[in-house]
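Text of the file input-v1.csv, holding CSV, C-alpha atoms and all ligand atoms:
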chain,number,residue,atom,x,y,z
A,2,MET,CA,-160.4,-93.0,25.6
A,3,LYS,CA,-163.2,-92.1,23.2
A,4,VAL,CA,-166.9,-91.8,23.8
A,5,LEU,CA,-169.3,-91.4,20.8
A,6,VAL,CA,-172.8,-90.0,21.3
A,7,VAL,CA,-174.9,-91.1,18.3
A,8,PHE,CA,-178.4,-89.8,18.0
A,9,TYR,CA,-181.4,-89.1,15.9
A,10,SER,CA,-183.6,-86.2,16.8
A,11,MET,CA,-186.6,-84.8,14.9
A,12,TYR,CA,-187.6,-81.7,17.0
A,13,GLY,CA,-184.5,-81.2,19.1
A,14,HIS,CA,-185.3,-83.0,22.4
A,15,ILE,CA,-182.9,-85.8,21.9
A,16,TYR,CA,-180.3,-83.3,20.7
A,17,ARG,CA,-180.6,-81.3,23.9
A,18,LEU,CA,-180.2,-84.5,26.0
A,19,ALA,CA,-177.2,-85.6,23.7
A,20,GLU,CA,-175.5,-82.3,24.6
A,21,ALA,CA,-175.9,-83.0,28.3
A,22,ILE,CA,-174.7,-86.6,27.9
A,23,ALA,CA,-171.6,-85.3,26.1
A,24,GLU,CA,-171.0,-82.6,28.8
A,25,GLY,CA,-171.1,-85.3,31.5
A,26,ALA,CA,-168.7,-87.6,29.6
A,27,ARG,CA,-166.2,-84.8,29.2
A,28,GLU,CA,-166.0,-84.5,32.9
A,29,VAL,CA,-164.0,-87.7,33.0
A,30,VAL,CA,-160.4,-86.6,32.5
A,31,GLY,CA,-158.7,-87.9,29.3
A,32,THR,CA,-162.0,-88.5,27.6
A,33,GLN,CA,-162.5,-87.5,24.0
A,34,VAL,CA,-166.2,-87.0,23.2
A,35,GLU,CA,-167.7,-86.8,19.7
A,36,MET,CA,-171.3,-86.3,18.7
A,37,ARG,CA,-172.7,-87.8,15.6
A,38,ARG,CA,-176.2,-88.0,13.9
A,39,VAL,CA,-177.6,-91.0,12.1
A,40,PRO,CA,-178.7,-90.3,8.5
A,41,GLU,CA,-182.3,-89.0,7.9
A,42,THR,CA,-184.4,-91.5,6.0
A,43,LEU,CA,-187.6,-89.4,5.5
A,44,PRO,CA,-188.1,-87.3,2.4
A,45,GLU,CA,-188.0,-83.5,2.8
A,46,GLU,CA,-191.6,-83.3,1.9
A,47,VAL,CA,-192.6,-85.6,4.8
A,48,LEU,CA,-190.3,-83.7,7.2
A,49,ASN,CA,-191.9,-80.5,6.1
A,50,LYS,CA,-195.4,-81.9,6.9
A,51,MET,CA,-194.2,-83.0,10.3
A,52,GLY,CA,-192.9,-79.5,11.0
A,53,ALA,CA,-189.3,-80.8,11.6
A,54,ILE,CA,-187.3,-78.7,9.1
A,55,GLU,CA,-186.6,-75.6,11.3
A,56,ALA,CA,-185.8,-77.7,14.4
A,57,GLN,CA,-183.4,-79.9,12.5
A,58,LYS,CA,-181.4,-76.9,11.2
A,59,THR,CA,-180.2,-76.3,14.8
A,60,PHE,CA,-178.3,-79.6,14.8
A,61,ALA,CA,-177.5,-79.9,11.1
A,62,HIS,CA,-173.8,-79.0,11.9
A,63,ILE,CA,-173.3,-82.3,13.7
A,64,ARG,CA,-171.6,-84.8,11.4
A,65,ILE,CA,-173.3,-87.9,10.2
A,66,CYS,CA,-171.9,-91.0,11.8
A,67,LYS,CA,-169.9,-93.4,9.6
A,68,ILE,CA,-170.3,-97.0,10.6
A,69,ASP,CA,-166.5,-97.5,11.1
A,70,GLU,CA,-166.5,-94.7,13.7
A,71,LEU,CA,-168.4,-97.0,16.0
A,72,ALA,CA,-165.5,-99.4,15.9
A,73,SER,CA,-163.0,-96.8,17.1
A,74,ALA,CA,-164.9,-95.7,20.1
A,75,ASP,CA,-164.5,-97.2,23.6
A,76,ALA,CA,-168.1,-96.4,24.5
A,77,ILE,CA,-171.2,-95.5,22.4
A,78,ILE,CA,-174.2,-93.7,23.9
A,79,PHE,CA,-177.2,-93.9,21.6
A,80,GLY,CA,-180.1,-91.4,21.7
A,81,THR,CA,-183.4,-92.1,20.0
A,82,PRO,CA,-187.0,-90.7,20.2
A,83,THR,CA,-189.7,-93.3,21.0
A,84,ARG,CA,-191.6,-94.5,18.0
A,85,PHE,CA,-194.5,-96.7,19.0
A,86,GLY,CA,-192.6,-97.8,22.0
A,87,ASN,CA,-189.4,-98.6,20.0
A,88,MET,CA,-186.4,-96.9,18.6
A,89,CYS,CA,-187.0,-94.7,15.5
A,90,GLY,CA,-186.6,-96.1,12.0
A,91,GLN,CA,-183.7,-93.9,11.3
A,92,MET,CA,-181.7,-95.4,14.1
A,93,ARG,CA,-182.9,-98.9,13.2
A,94,GLN,CA,-181.7,-98.5,9.6
A,95,PHE,CA,-178.4,-97.2,10.8
A,96,LEU,CA,-177.9,-100.2,13.2
A,97,ASP,CA,-179.0,-102.6,10.5
A,98,ALA,CA,-176.0,-101.4,8.4
A,99,THR,CA,-173.6,-102.6,11.2
A,100,GLY,CA,-173.6,-106.2,10.2
A,101,GLN,CA,-170.0,-105.9,9.0
A,102,LEU,CA,-169.0,-104.8,12.5
A,103,TRP,CA,-170.9,-107.7,14.1
A,104,ALA,CA,-169.2,-110.1,11.7
A,105,ARG,CA,-165.8,-109.2,12.9
A,106,GLY,CA,-166.8,-108.6,16.6
A,107,ALA,CA,-165.8,-105.0,16.3
A,108,LEU,CA,-168.1,-103.8,19.1
A,109,VAL,CA,-167.5,-106.7,21.5
A,110,GLY,CA,-166.6,-105.5,25.0
A,111,LYS,CA,-167.3,-101.8,24.3
A,112,VAL,CA,-169.7,-100.0,26.6
A,113,GLY,CA,-173.2,-99.3,25.2
A,114,SER,CA,-175.8,-97.1,26.7
A,115,VAL,CA,-179.2,-95.6,25.6
A,116,PHE,CA,-181.3,-92.5,26.3
A,117,THR,CA,-184.7,-91.5,24.9
A,118,SER,CA,-187.6,-89.1,24.6
A,119,SER,CA,-191.3,-89.7,24.2
A,120,GLY,CA,-194.3,-87.5,23.7
A,121,THR,CA,-196.2,-88.8,26.7
A,122,GLN,CA,-195.2,-89.8,30.2
A,123,HIS,CA,-196.0,-93.5,29.8
A,124,GLY,CA,-195.5,-93.7,26.0
A,125,GLY,CA,-192.8,-96.3,26.0
A,126,GLN,CA,-189.5,-94.8,27.2
A,127,GLU,CA,-188.6,-98.0,29.1
A,128,SER,CA,-189.6,-100.3,26.2
A,129,THR,CA,-187.6,-98.2,23.8
A,130,ILE,CA,-184.4,-98.4,25.8
A,131,LEU,CA,-184.8,-102.1,26.8
A,132,SER,CA,-185.5,-103.2,23.3
A,133,PHE,CA,-182.6,-101.2,22.0
A,134,HIS,CA,-180.4,-103.1,24.5
A,135,ILE,CA,-181.2,-106.3,22.5
A,136,THR,CA,-179.2,-105.0,19.5
A,137,LEU,CA,-176.3,-103.9,21.7
A,138,LEU,CA,-176.2,-107.4,23.3
A,139,HIS,CA,-176.1,-109.0,19.9
A,140,GLN,CA,-173.1,-106.8,19.2
A,141,GLY,CA,-171.5,-108.0,22.4
A,142,MET,CA,-171.6,-104.6,24.2
A,143,VAL,CA,-171.5,-104.1,27.9
A,144,ILE,CA,-174.7,-102.3,28.8
A,145,VAL,CA,-174.7,-99.4,31.2
A,146,GLY,CA,-177.8,-97.6,32.4
A,147,LEU,CA,-178.5,-94.8,34.9
A,148,PRO,CA,-178.0,-96.1,38.5
A,149,TYR,CA,-180.1,-94.9,41.4
A,150,THR,CA,-177.1,-93.1,42.7
A,151,PHE,CA,-178.5,-90.4,40.4
A,152,GLN,CA,-181.0,-89.5,43.0
A,153,GLY,CA,-183.0,-87.2,40.7
A,154,GLN,CA,-184.8,-90.3,39.3
A,155,THR,CA,-186.6,-90.9,42.6
A,156,ARG,CA,-188.2,-87.5,42.8
A,157,ASN,CA,-192.0,-87.3,42.8
A,158,ASP,CA,-192.4,-83.5,43.2
A,159,GLU,CA,-192.4,-82.9,39.5
A,160,ILE,CA,-193.0,-84.8,36.3
A,161,THR,CA,-189.7,-86.2,35.1
A,162,GLY,CA,-188.0,-88.7,32.8
A,163,GLY,CA,-185.2,-90.9,33.8
A,164,SER,CA,-185.1,-94.6,34.8
A,165,PRO,CA,-182.5,-97.1,35.8
A,166,TYR,CA,-182.4,-97.9,32.0
A,167,GLY,CA,-181.3,-94.4,31.0
A,168,ALA,CA,-182.0,-90.7,30.8
A,169,SER,CA,-185.1,-89.5,29.1
A,170,THR,CA,-187.4,-86.6,28.6
A,171,ILE,CA,-191.1,-86.1,28.0
A,172,ALA,CA,-191.5,-83.9,25.0
A,173,GLY,CA,-195.3,-83.3,25.2
A,174,GLY,CA,-197.9,-84.1,22.5
A,175,LYS,CA,-196.8,-81.1,20.4
A,176,GLY,CA,-193.1,-81.2,21.4
A,177,GLU,CA,-193.7,-78.2,23.6
A,178,ARG,CA,-191.8,-79.4,26.6
A,179,MET,CA,-188.0,-79.3,26.5
A,180,PRO,CA,-185.8,-81.4,28.9
A,181,SER,CA,-186.1,-80.1,32.5
A,182,GLU,CA,-183.1,-79.4,34.7
A,183,ASN,CA,-183.6,-82.8,36.4
A,184,GLU,CA,-183.6,-84.6,33.1
A,185,LEU,CA,-180.5,-82.8,31.9
A,186,ALA,CA,-178.8,-83.7,35.2
A,187,ALA,CA,-179.7,-87.3,34.5
A,188,ALA,CA,-178.2,-87.1,31.1
A,189,ARG,CA,-175.0,-85.6,32.4
A,190,PHE,CA,-174.8,-88.3,35.1
A,191,GLN,CA,-175.2,-91.0,32.5
A,192,GLY,CA,-172.6,-89.5,30.2
A,193,LYS,CA,-170.1,-89.3,33.1
A,194,HIS,CA,-171.0,-92.7,34.4
A,195,VAL,CA,-170.5,-94.4,31.0
A,196,ALA,CA,-167.2,-92.6,30.4
A,197,GLY,CA,-166.0,-93.6,33.9
A,198,ILE,CA,-166.7,-97.3,33.3
A,199,ALA,CA,-165.2,-97.2,29.8
A,200,PHE,CA,-162.1,-95.6,31.3
A,201,ARG,CA,-161.8,-98.4,33.8
A,202,LEU,CA,-162.4,-101.1,31.2
A,203,SER,CA,-159.8,-99.6,28.9
A,204,ARG,CA,-156.9,-99.7,31.5
A,301,LIG,C1,-194.3,-91.9,14.2
A,301,LIG,C2,-194.2,-91.4,15.6
A,301,LIG,C3,-194.4,-92.4,16.6
A,301,LIG,C4,-194.4,-91.9,17.9
A,301,LIG,N1,-194.6,-92.8,18.9
A,301,LIG,C5,-194.6,-92.4,20.2
A,301,LIG,C6,-194.9,-93.4,21.2
A,301,LIG,O1,-195.1,-94.6,21.1
A,301,LIG,N2,-195.0,-92.9,22.5
A,301,LIG,C7,-194.8,-91.5,22.8
A,301,LIG,O2,-194.9,-91.1,24.0
A,301,LIG,N3,-194.5,-90.7,21.8
A,301,LIG,C8,-194.4,-91.1,20.6
A,301,LIG,N4,-194.0,-90.2,19.6
A,301,LIG,C9,-193.5,-88.8,19.9
A,301,LIG,C10,-192.0,-88.8,19.9
A,301,LIG,O3,-191.4,-89.7,20.7
A,301,LIG,C11,-191.5,-87.3,20.2
A,301,LIG,O4,-191.9,-86.5,19.1
A,301,LIG,C12,-190.0,-87.3,20.4
A,301,LIG,O5,-189.7,-87.9,21.6
A,301,LIG,C13,-189.4,-85.9,20.4
A,301,LIG,O6,-188.0,-86.1,20.4
A,301,LIG,P1,-187.1,-85.4,19.3
A,301,LIG,O7,-187.5,-83.9,19.3
A,301,LIG,O8,-185.7,-85.5,19.7
A,301,LIG,O9,-187.4,-86.1,18.0
A,301,LIG,C14,-194.1,-90.6,18.2
A,301,LIG,C15,-193.8,-89.7,17.2
A,301,LIG,C16,-193.9,-90.1,15.9
A,301,LIG,C17,-193.6,-89.1,14.8
Please express what this file holds, its structure, as structure tokens.
Ligand SMILES: Cc1cc2nc3c(=O)[nH]c(=O)nc-3n(C[C@H](O)[C@H](O)[C@H](O)COP(=O)(O)O)c2cc1C
Amino acid sequence: MKVLVVFYSMYGHIYRLAEAIAEGAREVVGTQVEMRRVPETLPEEVLNKMGAIEAQKTFAHIRICKIDELASADAIIFGTPTRFGNMCGQMRQFLDATGQLWARGALVGKVGSVFTSSGTQHGGQESTILSFHITLLHQGMVIVGLPYTFQGQTRNDEITGGSPYGASTIAGGKGERMPSENELAAARFQGKHVAGIAFRLSR
């Protein structure tokens, strides 16, 4: 049973959540978990101006995802930062190259799930995840979110990401806030939850 965590991260917030997602998925016995990045599309000069070069070095060791790797996974958990309330362009471009998989129904019946990060608390986390689901539904995937049995998403005593749609973090306007313990727990829960469902579907 194979779970693929496919992400784009500019400053490391999504990468940190991706690690927690993978950690959770590994808790399901017999699960093989792989992490992959989607290709960068911005020129180095732009990344430099955006102050992303140093942060991106910390996850440069993660291999770039090949389209066919999606077809060999039982579940795929996608991570994307919010861009104007949507997935980032790097992820969009990657998904737009999966037409060959769509044509042969290669992802039909696989489990799909999404997590995200935004700069601000109400900056579009839910719209990012829900609009991402549209692509997954076109691919015939079975969508899994973050159920309320993860009780950390009901807490009001601190600012926190996480919704029934998926784990998330609030990075702050300058990216100064890294995922909190509660947000990492949500990501671990989602990873384990997705792997558990994929396991049951694969039997
Ligand atoms: C072009 C652009 C658009 C963005 N749009 C939003 C947005 O709509 N709402 C928001 O809260 N944050 C927005 N952000 C902030 C990013 O979501 C934030 O940098 C990201 O979640 C950090 O995650 P990462 O370190 O994994 O890239 C935007 C950032 C960029 C560069």
List the spatial neighbours of range 95-102 of chain A as a ChimeraX atom specification - criterion: any atom at most 10 Å away, all atoms listed in the file, same-chain residues fewer than 4 positions off excluded. /A:38-42,66-69,71-72,90-91,106-109,136-137,140
Enumerate residues in contact with ligand LIG 301 (chain A): an atom-to-atom distance of at most 6 Å, counting only C-alpha atoms and all ligand atoms. Format the result as JSON, numbers by chain. {"A": [10, 11, 12, 13, 14, 15, 16, 82, 83, 84, 85, 86, 118, 119, 120, 121, 124, 125, 172, 176]}
Could you tell me which of A:Ile65, A:Lys111, A:Arg189, A:Gly52 comes closest to Gly141 in chain A if we count all atoms listed in the file?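 Selected residue with least distance to Gly141 in chain A: A:Lys111.
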How many Å separate CA of Glu35 in chain A from CA of Met51 in chain A? 28.4 Å
Residue nearest Arg64 in chain A among A:Val115, A:Val7, A:Met179, A:Ala23 (counting all atoms listed in the file):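 Distance minimum relative to Arg64 in chain A lands on A:Val7.
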Quick one: of A:Ile130, A:Ala187, A:Ile171, A:Val6, who's nearest to Gly153 in chain A, counting all atoms listed in the file?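 Distance minimum relative to Gly153 in chain A lands on A:Ala187.
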Correct to one decimal, the distance CA of His62 in chain A-CA of Met36 in chain A is 10.3 Å
May I have the protein, DNA and RNA residues with an atom at most 9 Å from (-175.2, -89.3, 33.7), counting only C-alpha atoms in the file's coordinates, returned as a list in words? Ala21, Ile22, Gly25, Ala26, Gly146, Leu147, Pro148, Phe151, Gly167, Ala168, Leu185, Ala186, Ala187, Ala188, Arg189, Phe190, Gln191, Gly192, Lys193, His194 and Val195 of chain A
Hey, can you check how far CA of Phe79 in chain A sits from CA of Leu48 in chain A? 22.0 Å
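Using only C-alpha atoms, the smallest distance between any of A:Arg93, A:Lys3, A:Arg156, A:Lys50 and Gly80 in chain A comes from A:Arg93.
The protein and nucleic acid residues lying at most 10 Å from Arg204 in chain A are Met2, Ala199 and Phe200 of chain A, with only C-alpha atoms considered and sequence neighbours fewer than 4 positions away removed.
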